[in-house]
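Pasted below: target-v6.cif, mmCIF, C-alpha atoms.
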```
data_model
loop_
_atom_site.label_atom_id
_atom_site.label_comp_id
_atom_site.auth_asym_id
_atom_site.auth_seq_id
_atom_site.Cartn_x
_atom_site.Cartn_y
_atom_site.Cartn_z
CA MET A 1 35.48 -39.83 -0.05
CA GLU A 2 32.23 -39.85 -1.99
CA LEU A 3 29.79 -37.14 -0.97
CA ARG A 4 26.64 -38.64 0.54
CA VAL A 5 23.54 -36.58 1.32
CA GLU A 6 21.05 -38.80 3.15
CA THR A 7 17.43 -37.88 3.80
CA PHE A 8 16.21 -38.71 7.32
CA HIS A 9 12.83 -36.96 7.41
CA THR A 10 10.19 -35.66 4.95
CA GLU A 11 6.92 -33.92 5.73
CA ALA A 12 4.36 -31.69 4.05
CA ILE A 13 4.27 -28.14 5.43
CA LYS A 14 0.84 -26.55 5.02
CA PRO A 15 -0.20 -22.89 5.34
CA SER A 16 -0.79 -21.90 8.99
CA SER A 17 -4.27 -20.59 8.04
CA PRO A 18 -6.49 -22.33 5.48
CA THR A 19 -6.84 -20.59 2.12
CA PRO A 20 -10.28 -18.92 1.82
CA ILE A 21 -12.81 -20.48 -0.58
CA ASN A 22 -12.75 -17.44 -2.89
CA LEU A 23 -8.99 -17.93 -3.48
CA LYS A 24 -9.13 -21.67 -4.22
CA ASN A 25 -8.46 -21.31 -7.96
CA PHE A 26 -5.45 -19.31 -9.09
CA LYS A 27 -5.25 -18.54 -12.81
CA LEU A 28 -1.91 -18.88 -14.56
CA SER A 29 -0.93 -16.22 -17.11
CA LEU A 30 -0.19 -16.91 -20.77
CA LEU A 31 3.56 -16.74 -19.97
CA ASP A 32 3.09 -19.24 -17.11
CA GLN A 33 1.18 -21.53 -19.49
CA ILE A 34 3.83 -21.64 -22.21
CA THR A 35 6.97 -21.81 -20.11
CA PRO A 36 8.62 -25.28 -20.04
CA ALA A 37 7.91 -27.32 -16.91
CA THR A 38 11.16 -27.03 -14.97
CA TYR A 39 12.18 -26.02 -11.46
CA ILE A 40 14.29 -22.99 -10.52
CA PRO A 41 17.20 -24.45 -8.50
CA LEU A 42 18.75 -22.31 -5.77
CA ILE A 43 20.86 -23.31 -2.76
CA PHE A 44 21.66 -21.06 0.20
CA TRP A 45 24.73 -21.99 2.28
CA TYR A 46 25.08 -21.01 5.97
CA SER A 47 28.09 -21.35 8.24
CA ALA A 48 28.07 -22.86 11.74
CA GLU A 49 27.36 -20.66 14.77
CA GLY A 50 30.59 -21.57 16.54
CA ALA A 51 32.90 -24.46 17.31
CA ALA A 52 31.80 -25.14 20.88
CA VAL A 53 28.06 -25.29 20.16
CA ASP A 54 25.95 -28.47 20.48
CA HIS A 55 25.29 -28.83 16.73
CA ILE A 56 22.44 -31.36 17.11
CA SER A 57 20.30 -29.16 19.36
CA VAL A 58 21.07 -26.10 17.15
CA ALA A 59 19.98 -28.07 14.06
CA LYS A 60 16.72 -29.11 15.76
CA GLU A 61 15.95 -25.53 16.80
CA ARG A 62 16.77 -24.15 13.33
CA SER A 63 14.53 -26.77 11.74
CA ARG A 64 11.65 -25.97 14.10
CA ARG A 65 11.94 -22.25 13.23
CA LEU A 66 12.17 -22.94 9.51
CA LYS A 67 9.04 -25.13 9.50
CA LYS A 68 6.96 -22.75 11.63
CA SER A 69 7.92 -19.67 9.58
CA LEU A 70 7.48 -21.57 6.29
CA SER A 71 3.93 -22.47 7.31
CA GLU A 72 3.19 -18.81 8.14
CA THR A 73 4.79 -17.61 4.88
CA LEU A 74 2.68 -20.06 2.83
CA THR A 75 -0.45 -18.30 4.09
CA ARG A 76 0.75 -15.24 2.14
CA PHE A 77 2.11 -17.26 -0.83
CA TYR A 78 -0.86 -19.66 -0.74
CA PRO A 79 -0.69 -20.92 -4.40
CA PHE A 80 2.75 -22.45 -3.64
CA ALA A 81 1.03 -24.99 -1.34
CA GLY A 82 -1.39 -26.06 -4.11
CA ARG A 83 -1.16 -28.24 -7.21
CA ILE A 84 -1.23 -27.31 -10.91
CA SER A 85 -4.12 -28.57 -13.02
CA ASN A 86 -4.10 -27.40 -16.66
CA SER A 87 -4.00 -23.57 -16.58
CA VAL A 88 -5.09 -23.25 -12.96
CA ILE A 89 -3.46 -23.83 -9.60
CA GLU A 90 -5.83 -25.56 -7.21
CA CYS A 91 -5.01 -23.81 -3.93
CA ASN A 92 -5.90 -26.88 -1.87
CA ASP A 93 -3.30 -26.41 0.91
CA LYS A 94 -1.74 -29.83 0.22
CA GLY A 95 1.53 -28.23 1.24
CA VAL A 96 5.15 -28.14 0.19
CA ASP A 97 7.67 -30.93 0.66
CA TYR A 98 10.10 -30.20 3.49
CA ILE A 99 13.01 -32.64 3.40
CA GLU A 100 15.73 -32.93 6.04
CA ALA A 101 19.08 -34.54 5.28
CA THR A 102 22.62 -34.91 6.56
CA ALA A 103 25.89 -34.67 4.62
CA ASN A 104 28.88 -36.88 5.49
CA CYS A 105 31.37 -33.99 5.45
CA PRO A 106 31.94 -30.50 6.81
CA LEU A 107 30.60 -27.56 4.78
CA GLN A 108 34.17 -26.44 4.06
CA ASP A 109 34.73 -29.54 1.89
CA ILE A 110 31.92 -28.42 -0.43
CA LEU A 111 33.08 -24.80 -0.58
CA LYS A 112 36.70 -25.74 -1.29
CA GLN A 113 35.96 -26.82 -4.85
CA PRO A 114 32.26 -26.70 -5.66
CA ASN A 115 31.14 -29.14 -8.34
CA CYS A 116 27.79 -28.16 -9.86
CA GLU A 117 26.62 -31.73 -10.42
CA GLU A 118 27.47 -32.67 -6.81
CA LEU A 119 25.68 -29.53 -5.58
CA GLY A 120 22.53 -31.00 -7.16
CA LYS A 121 22.43 -33.45 -4.22
CA PHE A 122 21.42 -30.51 -2.02
CA LEU A 123 18.32 -29.78 -4.11
CA PRO A 124 15.00 -31.45 -3.32
CA VAL A 125 14.21 -32.39 -6.94
CA GLN A 126 15.89 -32.39 -10.35
CA VAL A 127 15.52 -29.23 -12.43
CA GLU A 128 13.97 -31.13 -15.37
CA SER A 129 11.50 -33.13 -13.25
CA SER A 130 8.03 -33.45 -14.81
CA GLU A 131 6.65 -32.76 -11.31
CA ALA A 132 7.00 -29.05 -12.18
CA ALA A 133 3.97 -29.26 -14.50
CA THR A 134 1.48 -31.17 -12.35
CA GLY A 135 3.01 -32.01 -8.99
CA ARG A 136 4.38 -30.00 -6.10
CA ILE A 137 5.04 -26.34 -6.85
CA LEU A 138 7.61 -25.77 -4.11
CA LEU A 139 10.03 -28.17 -2.43
CA VAL A 140 12.62 -27.40 0.25
CA LYS A 141 15.61 -29.51 1.33
CA VAL A 142 17.54 -28.60 4.47
CA THR A 143 20.89 -30.38 4.83
CA PHE A 144 22.94 -30.34 8.02
CA PHE A 145 26.75 -30.68 7.91
CA GLN A 146 28.97 -32.33 10.53
CA CYS A 147 30.48 -28.93 11.40
CA GLY A 148 27.12 -27.28 12.18
CA GLY A 149 26.80 -25.54 8.81
CA MET A 150 23.70 -25.99 6.70
CA ALA A 151 22.33 -25.71 3.17
CA ILE A 152 18.78 -24.77 2.21
CA GLY A 153 18.01 -26.03 -1.30
CA VAL A 154 14.83 -24.69 -2.89
CA SER A 155 13.06 -25.82 -6.08
CA LEU A 156 10.15 -23.67 -7.30
CA SER A 157 8.16 -24.46 -10.44
CA HIS A 158 8.71 -22.11 -13.37
CA LYS A 159 4.99 -22.55 -14.08
CA ILE A 160 4.23 -19.84 -11.53
CA ALA A 161 7.55 -18.20 -10.81
CA ASP A 162 10.81 -16.69 -12.00
CA LEU A 163 13.87 -15.82 -9.95
CA SER A 164 12.36 -12.51 -8.82
CA THR A 165 9.40 -14.41 -7.33
CA LEU A 166 11.69 -16.96 -5.66
CA GLY A 167 13.89 -14.18 -4.20
CA ASN A 168 10.85 -12.39 -2.77
CA PHE A 169 9.52 -15.63 -1.30
CA MET A 170 12.85 -16.47 0.37
CA ASN A 171 13.24 -12.99 1.84
CA SER A 172 9.65 -13.04 3.12
CA TRP A 173 10.21 -16.47 4.71
CA ALA A 174 13.55 -15.34 6.21
CA ALA A 175 12.04 -12.15 7.71
CA THR A 176 9.23 -14.23 9.26
CA SER A 177 11.76 -16.67 10.72
CA ARG A 178 14.00 -14.04 12.31
CA GLY A 179 10.98 -12.00 13.49
CA SER A 180 12.31 -8.64 12.31
CA GLY A 181 12.59 -6.49 9.21
CA PRO A 182 9.98 -5.86 6.54
CA VAL A 183 8.04 -8.94 5.42
CA VAL A 184 7.50 -9.07 1.65
CA PHE A 185 3.84 -9.42 0.70
CA PRO A 186 3.33 -10.90 -2.77
CA VAL A 187 1.14 -9.24 -5.41
CA PHE A 188 -0.95 -11.81 -7.26
CA GLY A 189 -2.93 -11.40 -10.45
CA CYS A 190 -0.63 -8.93 -12.25
CA ALA A 191 0.72 -11.56 -14.63
CA ALA A 192 -2.73 -12.88 -15.60
CA SER A 193 -4.09 -9.32 -15.99
CA PHE A 194 -1.18 -8.39 -18.25
CA LEU A 195 -1.34 -11.60 -20.35
CA PRO A 196 -4.50 -13.60 -19.53
CA PRO A 197 -4.42 -17.38 -20.01
CA THR A 198 -5.75 -18.58 -23.33
CA ASP A 199 -7.01 -21.84 -24.77
CA LEU A 200 -3.88 -22.81 -26.68
CA SER A 201 -5.17 -24.69 -29.71
CA PHE A 202 -1.61 -24.82 -31.05
CA THR A 203 1.74 -25.94 -29.64
CA MET A 204 4.15 -23.17 -28.80
CA PRO A 205 7.48 -23.76 -30.60
CA SER A 206 10.21 -24.77 -28.19
CA MET A 207 13.95 -24.38 -28.00
CA GLU A 208 16.12 -27.38 -28.61
CA PHE A 209 19.12 -27.93 -26.40
CA LYS A 210 22.02 -30.13 -27.47
CA SER A 211 21.52 -33.65 -26.15
CA GLN A 212 25.17 -34.08 -25.12
CA LYS A 213 26.09 -34.08 -21.46
CA ALA A 214 27.41 -30.74 -20.26
CA THR A 215 29.27 -29.60 -17.21
CA MET A 216 28.68 -26.29 -15.46
CA ARG A 217 31.94 -24.55 -14.52
CA ARG A 218 32.16 -21.43 -12.38
CA LEU A 219 34.00 -18.21 -13.23
CA VAL A 220 34.26 -15.37 -10.72
CA PHE A 221 34.74 -11.78 -11.86
CA ASP A 222 35.64 -9.41 -9.03
CA ALA A 223 34.79 -5.70 -9.03
CA SER A 224 38.26 -4.57 -10.20
CA LYS A 225 38.24 -6.92 -13.21
CA ILE A 226 34.70 -5.81 -14.11
CA SER A 227 35.91 -2.18 -14.05
CA MET A 228 38.68 -3.13 -16.47
CA LEU A 229 36.16 -4.86 -18.74
CA LYS A 230 33.92 -1.77 -18.64
CA ALA A 231 36.85 0.43 -19.70
CA ARG A 232 37.60 -1.94 -22.60
CA SER A 233 33.96 -2.17 -23.66
CA ALA A 234 33.05 1.52 -23.57
CA SER A 235 32.51 3.22 -26.92
CA ALA A 236 30.77 6.28 -28.37
CA SER A 237 27.61 4.13 -28.79
CA VAL A 238 27.75 2.70 -25.24
CA PRO A 239 29.84 5.06 -23.09
CA GLN A 240 28.77 3.43 -19.79
CA PRO A 241 28.14 -0.29 -20.19
CA THR A 242 26.63 -2.14 -17.23
CA ARG A 243 28.47 -4.93 -15.41
CA VAL A 244 26.00 -7.53 -16.75
CA GLU A 245 26.52 -6.25 -20.31
CA VAL A 246 30.32 -6.45 -20.10
CA VAL A 247 30.45 -9.87 -18.42
CA SER A 248 27.82 -11.30 -20.82
CA ALA A 249 29.68 -9.90 -23.84
CA PHE A 250 33.04 -11.13 -22.51
CA ILE A 251 31.78 -14.70 -21.97
CA TRP A 252 30.08 -14.64 -25.38
CA LYS A 253 33.36 -13.49 -26.96
CA CYS A 254 35.26 -16.36 -25.31
CA LEU A 255 32.55 -18.86 -26.34
CA ILE A 256 32.88 -17.69 -29.97
CA ALA A 257 36.68 -18.08 -29.80
CA ALA A 258 36.32 -21.58 -28.25
CA SER A 259 33.89 -22.64 -31.00
CA THR A 260 36.31 -21.34 -33.67
CA SER A 261 39.20 -23.32 -32.16
CA HIS A 262 36.98 -26.40 -31.86
CA LEU A 263 36.12 -26.10 -35.57
CA GLY A 264 39.78 -25.75 -36.58
CA GLY A 265 39.64 -22.00 -37.30
CA PHE A 266 36.18 -21.71 -38.90
CA THR A 267 33.93 -19.10 -37.19
CA LYS A 268 30.20 -19.76 -37.30
CA PRO A 269 27.72 -16.88 -36.95
CA SER A 270 26.80 -16.69 -33.26
CA VAL A 271 23.47 -15.87 -31.57
CA LEU A 272 22.98 -14.96 -27.91
CA ARG A 273 19.55 -15.17 -26.29
CA GLN A 274 19.31 -12.89 -23.24
CA VAL A 275 16.49 -13.37 -20.72
CA VAL A 276 14.90 -10.15 -19.37
CA ASN A 277 12.73 -9.35 -16.31
CA LEU A 278 9.56 -7.73 -17.67
CA ARG A 279 8.35 -6.04 -14.47
CA ASN A 280 10.19 -2.74 -14.88
CA ARG A 281 10.04 -2.79 -18.70
CA LEU A 282 6.25 -2.57 -18.96
CA LYS A 283 4.37 0.72 -19.06
CA PRO A 284 3.26 1.25 -16.35
CA PRO A 285 5.76 -1.08 -14.63
CA LEU A 286 4.52 -3.99 -12.51
CA PRO A 287 5.41 -4.14 -8.79
CA GLN A 288 8.73 -5.87 -8.10
CA ASN A 289 6.87 -8.30 -5.80
CA SER A 290 4.46 -9.44 -8.56
CA VAL A 291 4.27 -13.23 -8.60
CA GLY A 292 4.61 -15.13 -11.87
CA TYR A 293 6.86 -16.08 -14.73
CA LEU A 294 7.30 -12.47 -15.83
CA VAL A 295 10.29 -12.78 -18.11
CA SER A 296 10.86 -12.65 -21.83
CA TYR A 297 13.97 -12.48 -23.99
CA PHE A 298 15.69 -10.95 -26.97
CA THR A 299 18.30 -12.39 -29.31
CA VAL A 300 21.35 -10.71 -30.79
CA GLN A 301 23.65 -11.98 -33.50
CA THR A 302 27.25 -11.32 -34.47
CA VAL A 303 27.38 -8.95 -37.45
CA ASP A 304 29.98 -9.34 -40.24
CA GLY A 305 32.17 -11.52 -38.04
CA GLU A 306 32.44 -8.80 -35.36
CA THR A 307 33.60 -10.61 -32.21
CA GLU A 308 35.39 -7.82 -30.33
CA LEU A 309 34.11 -6.74 -26.92
CA GLN A 310 32.96 -3.25 -27.91
CA GLY A 311 30.96 -4.60 -30.85
CA LEU A 312 29.29 -7.33 -28.78
CA VAL A 313 28.36 -4.88 -26.00
CA LYS A 314 26.87 -2.59 -28.65
CA GLN A 315 24.79 -5.52 -29.96
CA LEU A 316 23.50 -6.26 -26.46
CA ARG A 317 22.61 -2.60 -25.84
CA ASN A 318 20.77 -2.38 -29.19
CA GLY A 319 18.97 -5.63 -28.33
CA ILE A 320 17.62 -4.40 -24.99
CA ARG A 321 16.68 -1.04 -26.55
CA GLU A 322 14.69 -2.74 -29.32
CA PHE A 323 13.12 -5.13 -26.79
CA SER A 324 12.11 -2.36 -24.36
CA GLY A 325 10.59 -0.31 -27.17
CA ASN A 326 8.92 -2.26 -29.96
CA TYR A 327 8.66 -5.74 -28.48
CA VAL A 328 7.18 -4.69 -25.12
CA LYS A 329 4.70 -2.41 -26.93
CA LYS A 330 3.49 -5.42 -28.96
CA LEU A 331 3.26 -7.57 -25.80
CA GLN A 332 0.96 -4.95 -24.26
CA GLY A 333 -1.13 -4.66 -27.43
CA SER A 334 -3.65 -6.80 -29.28
CA GLU A 335 -0.92 -8.80 -31.04
CA ALA A 336 0.54 -10.29 -27.85
CA ILE A 337 -0.10 -13.97 -28.65
CA SER A 338 1.19 -13.77 -32.23
CA THR A 339 4.23 -11.74 -31.03
CA ILE A 340 5.13 -14.41 -28.44
CA PHE A 341 4.50 -17.21 -30.96
CA GLU A 342 6.71 -15.62 -33.63
CA ALA A 343 9.54 -14.95 -31.14
CA ALA A 344 9.35 -18.54 -29.88
CA LYS A 345 9.31 -19.85 -33.46
CA GLU A 346 12.39 -17.79 -34.36
CA VAL A 347 14.31 -18.97 -31.28
CA GLY A 348 13.16 -22.56 -31.83
CA ASN A 349 14.46 -22.48 -35.40
CA LEU A 350 17.76 -20.82 -34.45
CA SER A 351 18.42 -23.37 -31.70
CA LYS A 352 18.01 -26.24 -34.18
CA ARG A 353 20.35 -24.89 -36.88
CA GLU A 354 23.71 -26.55 -37.33
CA ASP A 355 25.30 -23.61 -39.18
CA ILE A 356 25.16 -21.20 -36.22
CA ASP A 357 26.17 -21.31 -32.56
CA PHE A 358 23.27 -20.58 -30.22
CA PHE A 359 23.95 -19.50 -26.61
CA ASN A 360 21.62 -18.61 -23.73
CA CYS A 361 22.33 -16.08 -20.97
CA LEU A 362 20.32 -15.77 -17.75
CA SER A 363 21.18 -12.88 -15.46
CA TRP A 364 20.22 -13.55 -11.83
CA CYS A 365 21.97 -10.40 -10.63
CA ARG A 366 20.30 -7.76 -8.42
CA PHE A 367 17.65 -10.06 -6.95
CA ASP A 368 18.80 -9.71 -3.30
CA ILE A 369 19.32 -13.43 -2.81
CA TYR A 370 22.01 -12.75 -0.20
CA GLU A 371 19.42 -11.08 2.08
CA ALA A 372 17.91 -14.43 3.20
CA ASP A 373 18.82 -14.22 6.91
CA PHE A 374 16.63 -16.64 8.91
CA GLY A 375 18.08 -15.55 12.24
CA TRP A 376 21.58 -17.07 12.03
CA GLY A 377 23.15 -14.64 9.56
CA LYS A 378 23.04 -14.10 5.83
CA PRO A 379 24.17 -16.92 3.55
CA ILE A 380 27.91 -17.12 2.99
CA TRP A 381 27.15 -18.29 -0.56
CA ALA A 382 24.22 -18.84 -2.93
CA SER A 383 24.50 -21.20 -5.88
CA ILE A 384 22.71 -23.28 -8.46
CA GLY A 385 23.18 -27.05 -8.63
CA GLY A 386 22.62 -30.08 -10.82
CA ALA A 387 23.56 -31.36 -14.25
CA GLY A 388 24.62 -28.84 -16.88
CA VAL A 389 22.82 -27.77 -20.02
CA PRO A 390 25.08 -27.09 -23.03
CA ASN A 391 25.53 -23.52 -24.31
CA ILE A 392 23.91 -21.76 -21.37
CA PHE A 393 25.43 -19.43 -18.79
CA VAL A 394 23.91 -18.04 -15.59
CA LEU A 395 25.18 -14.83 -13.96
CA MET A 396 24.80 -14.32 -10.19
CA ASP A 397 26.01 -11.65 -7.77
CA THR A 398 28.96 -12.41 -5.53
CA ARG A 399 28.24 -11.96 -1.85
CA ASP A 400 29.55 -8.37 -1.78
CA GLY A 401 27.15 -7.42 -4.60
CA GLU A 402 29.99 -5.96 -6.69
CA GLY A 403 31.36 -9.00 -8.52
CA ILE A 404 29.68 -11.60 -10.71
CA GLU A 405 29.80 -15.39 -10.62
CA ALA A 406 29.12 -17.04 -13.96
CA TRP A 407 28.13 -20.68 -14.27
CA VAL A 408 28.98 -21.73 -17.84
CA GLY A 409 27.54 -24.92 -19.35
CA LEU A 410 29.51 -26.57 -22.17
CA THR A 411 30.33 -30.08 -23.34
CA GLU A 412 33.71 -31.33 -22.10
CA ALA A 413 35.22 -31.00 -25.61
CA GLU A 414 34.09 -27.38 -25.97
CA TYR A 415 35.08 -26.49 -22.42
CA ALA A 416 38.66 -27.60 -23.07
CA PHE A 417 38.94 -24.90 -25.78
CA PHE A 418 37.01 -22.31 -23.72
CA GLU A 419 39.30 -22.71 -20.70
CA ARG A 420 42.41 -22.28 -22.85
CA HIS A 421 41.40 -18.75 -23.89
CA GLU A 422 44.09 -16.57 -22.30
CA GLU A 423 41.67 -13.72 -21.52
CA ILE A 424 39.55 -15.99 -19.30
CA HIS A 425 42.42 -16.25 -16.83
CA ALA A 426 43.25 -12.55 -17.15
CA PHE A 427 39.77 -11.40 -16.11
CA ALA A 428 38.21 -14.24 -14.09
CA SER A 429 39.12 -16.75 -11.41
CA VAL A 430 38.31 -20.20 -12.74
CA GLU A 431 36.57 -22.42 -10.19
CA PRO A 432 38.02 -20.78 -7.07
CA SER A 433 37.08 -21.95 -3.59
CA VAL A 434 34.15 -20.10 -2.04
CA SER A 435 36.27 -19.16 0.94
CA GLY A 436 38.25 -17.00 -1.47
CA SER A 437 38.87 -13.31 -0.97
CA TYR A 438 35.59 -12.08 -2.45
CA ILE A 439 33.58 -13.54 0.44
CA HIS A 440 33.88 -11.67 3.72
CA HIS A 441 32.99 -13.73 6.75
#
```
Spell out the structure here as structure tokens.
Amino acid sequence: MELRVETFHTEAIKPSSPTPINLKNFKLSLLDQITPATYIPLIFWYSAEGAAVDHISVAKERSRRLKKSLSETLTRFYPFAGRISNSVIECNDKGVDYIEATANCPLQDILKQPNCEELGKFLPVQVESSEAATGRILLVKVTFFQCGGMAIGVSLSHKIADLSTLGNFMNSWAATSRGSGPVVFPVFGCAASFLPPTDLSFTMPSMEFKSQKATMRRLVFDASKISMLKARSASASVPQPTRVEVVSAFIWKCLIAASTSHLGGFTKPSVLRQVVNLRNRLKPPLPQNSVGYLVSYFTVQTVDGETELQGLVKQLRNGIREFSGNYVKKLQGSEAISTIFEAAKEVGNLSKREDIDFFNCLSWCRFDIYEADFGWGKPIWASIGGAGVPNIFVLMDTRDGEGIEAWVGLTEAEYAFFERHEEIHAFASVEPSVSGSYIHH
């Protein structure tokens, strides 16, 4: 049966109190200005309250609570209810789209074998939508399942936010809905103080992604397998690698092997671009609840054909060390614009070259996305959704906070070689059902 997600109601939710006149214009930072106009896609999945419950009245009550608490939360996160105009958000309280939909199946059918493209139906807008630059900043889609379960899909423009901002927003909204626990208050202005907006008289170089269609496949690494990877990856240079380092290096290693097989045994030099949260890297650090696109990146490259785990972990550790030292110092100095321009130019050039493989890693671990309890329990799962982008992988925590789920985007031809790598099956579960052992109900 084809999955159908049908919208039955849409409305604009506005802040419960009007935004004061003195806060009507919100300045974007330089990083907000130059980031591509896309939406962060995140879906939170919630189980039903119980078999004997009247699901329709429960859905109505949940929706009422969500809308009321969203309106109250927007008073704190007031720019999210505005519209972007050039390098400013007009905080005009036009509101966020709140969409309600139904799915023609029980939640269990989705969790049995999640398909990333199908999951995109639970998002309010496509990731690549041009709306992200000039239209609505935040959109929410609440989908009710026949069994009483629900999904809350959220799309937030990268022009003002990164995953840290989205996580803080969701946890603030959830605490307001359930009426207990600390409510997160956002800190505005840090991003623009750190890197003020500028009149960009030049175009920032951009990355080029392969134009082929990609699929996102999910690998799950449980805590015991991550411990084994850490033991394999440890060396005199990096005696205690982190779980993100070992999983990133492991996936990179398997991607290199897949590319070599795909090319009939020829190994191209390989580059990995790793995205980094800037908040705790700056001196002094910015508050964790600072709002904005406060991320940057570093790139590492295979050296002399070194594709073993220890060597790749060492590269990643050297990369973050160099980034946290020299690069961050330049970002906080007078050369910030030229530093960002040169880094973007380098990455733009690397992504266009045919003689190297260029991969992107986003780590969404340790952002507390499983804390979003609106009053009916924490999510049983959190996921991305939508069409894949080639040569990108996203790391997310499993529900227990110990394991890692990796969404890996490759073309079908490349994925066939990637999946055949024997180590993949030794260390990860490939596309398991969400009701698997790593989720505790």
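Counting all atoms listed in the file, the residue from A:Phe26, A:Phe341, A:Phe80, A:Tyr297 that sits nearest to A:Phe323 is A:Tyr297.
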Revision key, fill the gap. Taken to one decimal, the atom CA of A:Gly409-atom CA of A:Gly388 distance is 5.5 Å
Study note, to complete from the structure: Correct to one decimal, the distance atom CA of A:Gln113-atom CA of A:Trp381 is 13.0 Å
Point to revise | Pick from A:Thr411, A:Gly333, A:Lys121, A:Asn86 nearest to A:Asp199, counting only C-alpha atoms | key: A:Asn86
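With distances restricted to all atoms listed in the file, A:Thr299 is the closest residue to A:Tyr327 from A:Thr299, A:Ser130, A:Thr176, A:Thr10.
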When the PyMOL selection byres ((chain A and resi 180-192) around 10) is applied to the file above, which residues end up in the set, as a JSON list (two decimals) with C-alpha atoms, in the coordinates of the input?
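Contents of part_22.json, as written:
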```
[["chain", "number", "residue", "atom", "x", "y", "z"],
["A", 26, "PHE", "CA", -5.45, -19.31, -9.09],
["A", 27, "LYS", "CA", -5.25, -18.54, -12.81],
["A", 28, "LEU", "CA", -1.91, -18.88, -14.56],
["A", 29, "SER", "CA", -0.93, -16.22, -17.11],
["A", 30, "LEU", "CA", -0.19, -16.91, -20.77],
["A", 31, "LEU", "CA", 3.56, -16.74, -19.97],
["A", 32, "ASP", "CA", 3.09, -19.24, -17.11],
["A", 73, "THR", "CA", 4.79, -17.61, 4.88],
["A", 76, "ARG", "CA", 0.75, -15.24, 2.14],
["A", 77, "PHE", "CA", 2.11, -17.26, -0.83],
["A", 78, "TYR", "CA", -0.86, -19.66, -0.74],
["A", 79, "PRO", "CA", -0.69, -20.92, -4.40],
["A", 160, "ILE", "CA", 4.23, -19.84, -11.53],
["A", 165, "THR", "CA", 9.40, -14.41, -7.33],
["A", 168, "ASN", "CA", 10.85, -12.39, -2.77],
["A", 169, "PHE", "CA", 9.52, -15.63, -1.30],
["A", 170, "MET", "CA", 12.85, -16.47, 0.37],
["A", 171, "ASN", "CA", 13.24, -12.99, 1.84],
["A", 172, "SER", "CA", 9.65, -13.04, 3.12],
["A", 173, "TRP", "CA", 10.21, -16.47, 4.71],
["A", 174, "ALA", "CA", 13.55, -15.34, 6.21],
["A", 175, "ALA", "CA", 12.04, -12.15, 7.71],
["A", 176, "THR", "CA", 9.23, -14.23, 9.26],
["A", 177, "SER", "CA", 11.76, -16.67, 10.72],
["A", 178, "ARG", "CA", 14.00, -14.04, 12.31],
["A", 179, "GLY", "CA", 10.98, -12.00, 13.49],
["A", 193, "SER", "CA", -4.09, -9.32, -15.99],
["A", 194, "PHE", "CA", -1.18, -8.39, -18.25],
["A", 195, "LEU", "CA", -1.34, -11.60, -20.35],
["A", 196, "PRO", "CA", -4.50, -13.60, -19.53],
["A", 197, "PRO", "CA", -4.42, -17.38, -20.01],
["A", 279, "ARG", "CA", 8.35, -6.04, -14.47],
["A", 286, "LEU", "CA", 4.52, -3.99, -12.51],
["A", 287, "PRO", "CA", 5.41, -4.14, -8.79],
["A", 288, "GLN", "CA", 8.73, -5.87, -8.10],
["A", 289, "ASN", "CA", 6.87, -8.30, -5.80],
["A", 290, "SER", "CA", 4.46, -9.44, -8.56],
["A", 291, "VAL", "CA", 4.27, -13.23, -8.60],
["A", 292, "GLY", "CA", 4.61, -15.13, -11.87],
["A", 293, "TYR", "CA", 6.86, -16.08, -14.73],
["A", 294, "LEU", "CA", 7.30, -12.47, -15.83],
["A", 374, "PHE", "CA", 16.63, -16.64, 8.91],
["A", 375, "GLY", "CA", 18.08, -15.55, 12.24]]
```
